[in-house]
Structure formats: C-alpha cells, structure tokens
Amino acid sequence: MPETDGSAGLDSLPQRYAQLTEALRTVVVGQHEVVEQLLVAVFCEGHTLLVGVPGLAKTLLVRTLASALRLDFKRIQFTPDMMPSDILGGELLHSDAVTGERSMRFLPGPIFANIVLADEVNRTPPKTQAALLEAMAERQVSIAGRTIPLHSPFIVVATQNPIEQEGTYPLPEAQLDRFMFGLRMTYPKATEERRIVAAGDDIAERASKIRPLFDGGELARLRALIGRVPVSEHVVEYAVALARATRPGDEACPKSIAHFISWGAGPRAGQALVLAARCLAVLEGEPTPSAEHVRRLAPAVLRHRIVLNYTAASEGVDTEQILDNLIRVIKEPEYR
C-alpha cells in the first residue's frame with residue numbers, strides 16, 4: 001500500500017470495507033448499524049462498549065471481526081472474584097532445569113492481544129476495572145514496578161447485560177469516557193430471527209471460512225492516514241455544539257433536556273466525533289466528512305457519556321430520548 005500520499009493510501013478502502021461488511025453480514029444477521037459503527041471504531045483504534053441482552057451474537061461478531069482483520073483475539077469473562085493479575089498477567093518463579101538457577105519471569109495475561117473482548121465488564125470489582133482503565137487509556141500496563149507496552153493495534157470491546165444488574169459494579173465515568181463508542185444491540189426483526197434460527201450451526205461454519213482482508217500493521221497505517229483527513233471548521237463546530245449541549249450548566253444545553261441531566265460529555269466526545277466522522281467519510285469514499293456524518297455517529301459517541309438524574313428516572317426519560325431531542329434541537333451551523 002502506498003504510504004507517501006494519504007489519499008492514495010485510502011483510495012481502495014471503500015471497496016475493501018464493503019467486502020468486509022458483506023463478509024460479516026454472512027455471519028451476523030441484521031444489526032447493520034452496530035456492524036458499521038464497530039468497524040468505524042476499529043479503524044480508528046477506539047474502544048467500544050457493547051450493550052445488549054444475551055444471545056444477540058456479540059461474541060460472534062467481535063471474534064469474526066478479529067479473524068477478518070487477522071488480529072490476535074482474546075476473550076475475558078469478568079467475574080466478581082477476578083483480580084488485576086488475571087487480566088494483566090504476573091511474575092512467576094522459574095527454575096532452570098539444567099542449572100537449577102531461579103529467576104522471576106513475566107507471564108502475560110489475556111490483555112496482551114489486538115482485540116480484547118471484556119465480557120460483562122461491569123461484573124468485576126473496581127480494583128480490576130482500574131487495571132483495565134490504564135490499559136485502555138495508556139495502551140500499557142504497570143506490573144511489578146515496570147511498565148509494559150501493549151500490542152498495536154490494541155482495542156477493547158466490552159459487553160454489558162442491561163437486564164441482570166444484581167452483583168454488578170457500575171463503571172466509573174472516567175472509564176466510560178475512554179470508550180469511543182457506546183453501542184446498543186437490540187432484538188432482531190422477525191424476518192432476521194427466522195434466518196438466524198433456520199441457519200443453525202451453519203453460522204459458525206460461515207464464520208470459520210471468512211478470508212482475512214486486513215492485518216494489524218495495515219490498520220495502524222490506515223489509522224494514521226484517517227487522522228490526517230481534512231475536516232472543515234463547520235463540521236468541528238457542529239461536533240463541539242453537540243457535546244456542549246449535553247452539559248446542563250452550559251448555555252448551549254436546551255432547557256427541554258437540561259433538567260434531566262446531571263453530567264454531560266467532555267471534550268473527548270468532540271474529538272471522538274470528528275475522528276469517527278473522518279473515518280466514516282473515508283469508508284464511504286468521501287474526501288472529507290460532513291455534518292451528516294457527525295449526526296449519524298452522535299448517539300454512539302454521546303449515549304454512554306450522559307449521566308441522567310432522578311428527575312429523568314421519575315419521569316421515565318431515558319438516554320435515547322434525550323439524544324433524539326438533542327439531535328433534533330441542535331441545528332447544524334451555517335457555512336461561512
């Protein structure tokens with residue numbers, strides 16, 4: 001792939017993205033928006049929080065995506081008794097069979113992979129969540145007084161079950177903010193569910209036959225090129241306006257939603273919106289992102305960064321209603 005010119009390096013991406021999407025759709029029936037946005041997050045090397053009830057193929061989707069991108073994949077099933085060393089690894093005493101000399105050796109944990117599926121991440125205690133936060137934020141881990149960089153690319157896809165909340169630990173806002181996207185997987189439509197049921201074991205066989213279309217090194221180069229895609233001031237203004245409108249103390253926040261929100265999105269949300277819009281524009285063959293790209297991605301970027309208050313709970317207002325209202329009220333800035 002040419003690396004001297006950014007546009008040249010991205011020219012073939014829309015066609016290959018279409019092939020990748022088509023391959024994933026042979027395995028995961030429906031969920032088109034989730035698949036699109038998860039791919040955007042992966043190309044941006046951003047972490048994703050995936051919320052959905054059991055049985056919606058969350059694990060299958062992430063595992064198949066890792067295979068299609070030729071990335072090392074590890075799945076961690078989080079439990080209340082899990083310790084940081086269970087995901088980071090640790091030092092073990094090693095004895096040389098020949099000399100008998102003893103030394104400490106580091107045994108890497110499952111966090112040392114390209115795509116890590118953190119299954120039911122809210123079931124593990126805060127101490128372990130803090131270890132995961134460092135990995136997500138710094139792409140490194142601290143063990144036994146030393147810092148070890150993680151593999152590149154490094155992407156965490158965490159899942160949560162929205163129904164069963166007993167025995168769970170709420171994710172701290174600092175960790176939620178490290179997720180580029182918060183995605184919701186819903187029940188399939190009747191026609192889609194019939195296809196899923198009829199396919200049976202064939203779905204797993206299809207997943208095993210997917211041909212890799214990218215690799216880790218190429219993804220890292222594409223991420224650098226996507227970050228250099230030009231973006232207009234108009235698009236930046238719209239992303240900032242949407243983020244600021246989620247903050248109840250800001251004059252940009254509409255009165256119709258301000259009294260339902262305790263805390264809104266920080267500046268990292270605006271950064272994520274612009275980067276994701278750049279990526280989506282490239283994947284669709286556009287030279288630069290538009291406000292429409294920002295609008296399409298706004299719910300995924302903002303939904304996990306908005307903290308509702310007791311007024312919202314008492315009146316039955318949820319985050320999706322807030323986002324619908326927000327996107328309808330906040331108008332796109334005029335071109336200057």
# chains A, B, ... in the order shown; residues from 1 in each chain; ligands from 1
>>> closest_atom_pairs(of="stretch 188-238 of chain A", to="stretch 51-69 of chain A", cutoff="12 Å", atoms="only C-alpha atoms", output="JSON lines")
{"residue": "A:Pro188", "atom": "CA", "partner": "A:Leu56", "partner_atom": "CA", "distance": 8.0}
{"residue": "A:Lys189", "atom": "CA", "partner": "A:Leu56", "partner_atom": "CA", "distance": 11.8}
{"residue": "A:Glu192", "atom": "CA", "partner": "A:Leu56", "partner_atom": "CA", "distance": 11.5}
{"residue": "A:Glu193", "atom": "CA", "partner": "A:Leu56", "partner_atom": "CA", "distance": 10.2}
{"residue": "A:Ile196", "atom": "CA", "partner": "A:Leu56", "partner_atom": "CA", "distance": 10.2}
{"residue": "A:Val197", "atom": "CA", "partner": "A:Gly55", "partner_atom": "CA", "distance": 11.8}
{"residue": "A:Ile203", "atom": "CA", "partner": "A:Leu60", "partner_atom": "CA", "distance": 9.4}
{"residue": "A:Ala204", "atom": "CA", "partner": "A:Leu60", "partner_atom": "CA", "distance": 8.3}
{"residue": "A:Glu205", "atom": "CA", "partner": "A:Thr64", "partner_atom": "CA", "distance": 11.1}
{"residue": "A:Arg206", "atom": "CA", "partner": "A:Thr64", "partner_atom": "CA", "distance": 9.6}
{"residue": "A:Ala207", "atom": "CA", "partner": "A:Thr64", "partner_atom": "CA", "distance": 5.9}
{"residue": "A:Ser208", "atom": "CA", "partner": "A:Thr64", "partner_atom": "CA", "distance": 7.9}
{"residue": "A:Lys209", "atom": "CA", "partner": "A:Ser67", "partner_atom": "CA", "distance": 9.6}
{"residue": "A:Ile210", "atom": "CA", "partner": "A:Ala68", "partner_atom": "CA", "distance": 6.2}
{"residue": "A:Arg211", "atom": "CA", "partner": "A:Ala68", "partner_atom": "CA", "distance": 6.0}
{"residue": "A:Pro212", "atom": "CA", "partner": "A:Ala68", "partner_atom": "CA", "distance": 4.1}
{"residue": "A:Leu213", "atom": "CA", "partner": "A:Ala68", "partner_atom": "CA", "distance": 5.8}
{"residue": "A:Phe214", "atom": "CA", "partner": "A:Leu69", "partner_atom": "CA", "distance": 4.7}
{"residue": "A:Asp215", "atom": "CA", "partner": "A:Leu69", "partner_atom": "CA", "distance": 5.2}
{"residue": "A:Gly216", "atom": "CA", "partner": "A:Leu69", "partner_atom": "CA", "distance": 7.1}
{"residue": "A:Gly217", "atom": "CA", "partner": "A:Leu69", "partner_atom": "CA", "distance": 10.3}
{"residue": "A:Glu218", "atom": "CA", "partner": "A:Leu69", "partner_atom": "CA", "distance": 9.5}
{"residue": "A:Leu219", "atom": "CA", "partner": "A:Leu69", "partner_atom": "CA", "distance": 8.4}
{"residue": "A:Ala220", "atom": "CA", "partner": "A:Leu69", "partner_atom": "CA", "distance": 11.7}
>>> select_by_dssp(residues="stretch 50-158 of chain A", states="strand (DSSP E)", output="PDB file with C-alpha atoms, in the first residue's frame")
ATOM      1  CA  LEU A  50     -21.475  -3.027  23.523  1.00  0.00           C
ATOM      2  CA  VAL A  51     -24.736  -3.279  25.469  1.00  0.00           C
ATOM      3  CA  PHE A  73      -8.204 -12.104  19.766  1.00  0.00           C
ATOM      4  CA  LYS A  74      -8.703 -12.853  23.472  1.00  0.00           C
ATOM      5  CA  ARG A  75     -11.937 -13.128  25.417  1.00  0.00           C
ATOM      6  CA  ILE A  76     -12.021 -12.380  29.152  1.00  0.00           C
ATOM      7  CA  GLN A  77     -15.092 -13.441  31.139  1.00  0.00           C
ATOM      8  CA  GLY A  89      -0.528 -11.364  33.971  1.00  0.00           C
ATOM      9  CA  GLY A  90       2.179 -11.533  36.599  1.00  0.00           C
ATOM     10  CA  GLU A  91       5.640 -12.716  37.559  1.00  0.00           C
ATOM     11  CA  LEU A  92       6.221 -16.363  38.392  1.00  0.00           C
ATOM     12  CA  LEU A  93       9.220 -18.074  39.938  1.00  0.00           C
ATOM     13  CA  HIS A  94      11.041 -20.059  37.259  1.00  0.00           C
ATOM     14  CA  SER A  95      13.677 -22.689  37.932  1.00  0.00           C
ATOM     15  CA  ARG A 102      15.824 -19.476  39.969  1.00  0.00           C
ATOM     16  CA  SER A 103      14.519 -16.249  38.482  1.00  0.00           C
ATOM     17  CA  MET A 104      11.277 -14.312  38.115  1.00  0.00           C
ATOM     18  CA  ARG A 105       9.636 -14.436  34.702  1.00  0.00           C
ATOM     19  CA  PHE A 106       6.685 -12.433  33.450  1.00  0.00           C
ATOM     20  CA  LEU A 107       3.709 -14.463  32.211  1.00  0.00           C
ATOM     21  CA  PRO A 108       1.498 -12.221  30.003  1.00  0.00           C
ATOM     22  CA  ILE A 115      -8.759  -7.182  20.181  1.00  0.00           C
ATOM     23  CA  VAL A 116      -9.809  -7.971  23.755  1.00  0.00           C
ATOM     24  CA  LEU A 117     -13.429  -8.880  24.410  1.00  0.00           C
ATOM     25  CA  ALA A 118     -14.171  -7.888  28.021  1.00  0.00           C
ATOM     26  CA  ASP A 119     -17.349  -9.878  28.560  1.00  0.00           C
ATOM     27  CA  GLN A 140       0.306  -0.058  28.564  1.00  0.00           C
ATOM     28  CA  VAL A 141       0.175  -1.951  31.865  1.00  0.00           C
ATOM     29  CA  SER A 142       2.110  -1.497  35.112  1.00  0.00           C
ATOM     30  CA  ILE A 143       3.257  -4.737  36.715  1.00  0.00           C
ATOM     31  CA  ARG A 146       7.681  -1.781  35.456  1.00  0.00           C
ATOM     32  CA  THR A 147       5.647  -0.552  32.524  1.00  0.00           C
ATOM     33  CA  ILE A 148       4.963  -2.862  29.604  1.00  0.00           C
ATOM     34  CA  PRO A 149       3.501  -1.560  26.301  1.00  0.00           C
ATOM     35  CA  ILE A 155      -8.783  -2.378  21.050  1.00  0.00           C
ATOM     36  CA  VAL A 156     -11.118  -3.275  23.925  1.00  0.00           C
ATOM     37  CA  VAL A 157     -14.686  -4.264  23.129  1.00  0.00           C
ATOM     38  CA  ALA A 158     -16.549  -4.537  26.427  1.00  0.00           C
TER      39      ALA A 158
END
>>> residues_around(residues="A:Pro248", least_positions_apart="5", cutoff="8 Å", atoms="only C-alpha atoms", output="ChimeraX atom specification")
/A:253,257-259,261-264
>>> residues_around(residues="stretch 272-287 of chain A", least_positions_apart="5", cutoff="7 Å", atoms="only C-alpha atoms", output="count of residues only")
16
>>> residues_around(residues="A:Leu88", least_positions_apart="6", cutoff="7 Å", atoms="only C-alpha atoms", output="compact mmCIF listing (two decimals) with N, CA and C atoms, in the first residue's frame")
# COMPACT_ATOMS: atom_id res chain seq x y z
N PRO A 108 2.51 -13.18 30.47
CA PRO A 108 1.50 -12.22 30.00
C PRO A 108 0.08 -12.73 30.20
N GLY A 109 -0.82 -11.83 30.54
CA GLY A 109 -2.24 -12.16 30.66
C GLY A 109 -2.97 -11.96 29.36
N PRO A 110 -4.27 -12.20 29.35
CA PRO A 110 -5.06 -12.09 28.10
C PRO A 110 -5.18 -10.67 27.57
N ILE A 111 -4.78 -9.66 28.35
CA ILE A 111 -4.85 -8.29 27.86
C ILE A 111 -3.87 -8.06 26.71
>>> atom_distance(atom1="atom CA of A:Ala18", atom2="atom CA of A:Asp72")
22.3 Å
>>> closest_residue(among="A:Gly46, A:Pro84, A:Pro299, A:Pro289", to="A:Ala265", atoms="only C-alpha atoms")
A:Pro299
>>> atom_distance(atom1="atom CA of A:Ile330", atom2="atom CA of A:Ala241")
7.4 Å
>>> atom_distance(atom1="atom CA of A:Ala312", atom2="atom CA of A:Glu251")
19.9 Å
>>> closest_residue(among="A:Ile327, A:Arg184, A:Glu334, A:Ala252", to="A:His32", atoms="only C-alpha atoms")
A:Arg184
>>> closest_residue(among="A:Glu45, A:Val240, A:Ala174, A:Asp201", to="A:His151", atoms="only C-alpha atoms")
A:Glu45
>>> residues_around(residues="stretch 302-305 of chain A", least_positions_apart="6", cutoff="9 Å", atoms="only C-alpha atoms", output="PyMOL selection string")
chain A and resi 49+173+176-177+179+181-183+242-243+246+263-266+269+273+319-320+322-323
>>> closest_residue(among="A:Ser152, A:Ala135, A:Ala291, A:Phe260", to="A:Ala313", atoms="only C-alpha atoms")
A:Phe260
>>> select_by_dssp(residues="stretch 131-279 of chain A", states="helix (DSSP H, G or I)", output="MDAnalysis selection string")
chainID A and resid 131:138 173:176 190:199 202:208 216:226 233:244 255:258 267:279
>>> residues_around(residues="stretch 120-124 of chain A", least_positions_apart="5", cutoff="8 Å", atoms="only C-alpha atoms", output="PyMOL selection string")
chain A and resi 77-82+129+158-161+167-171
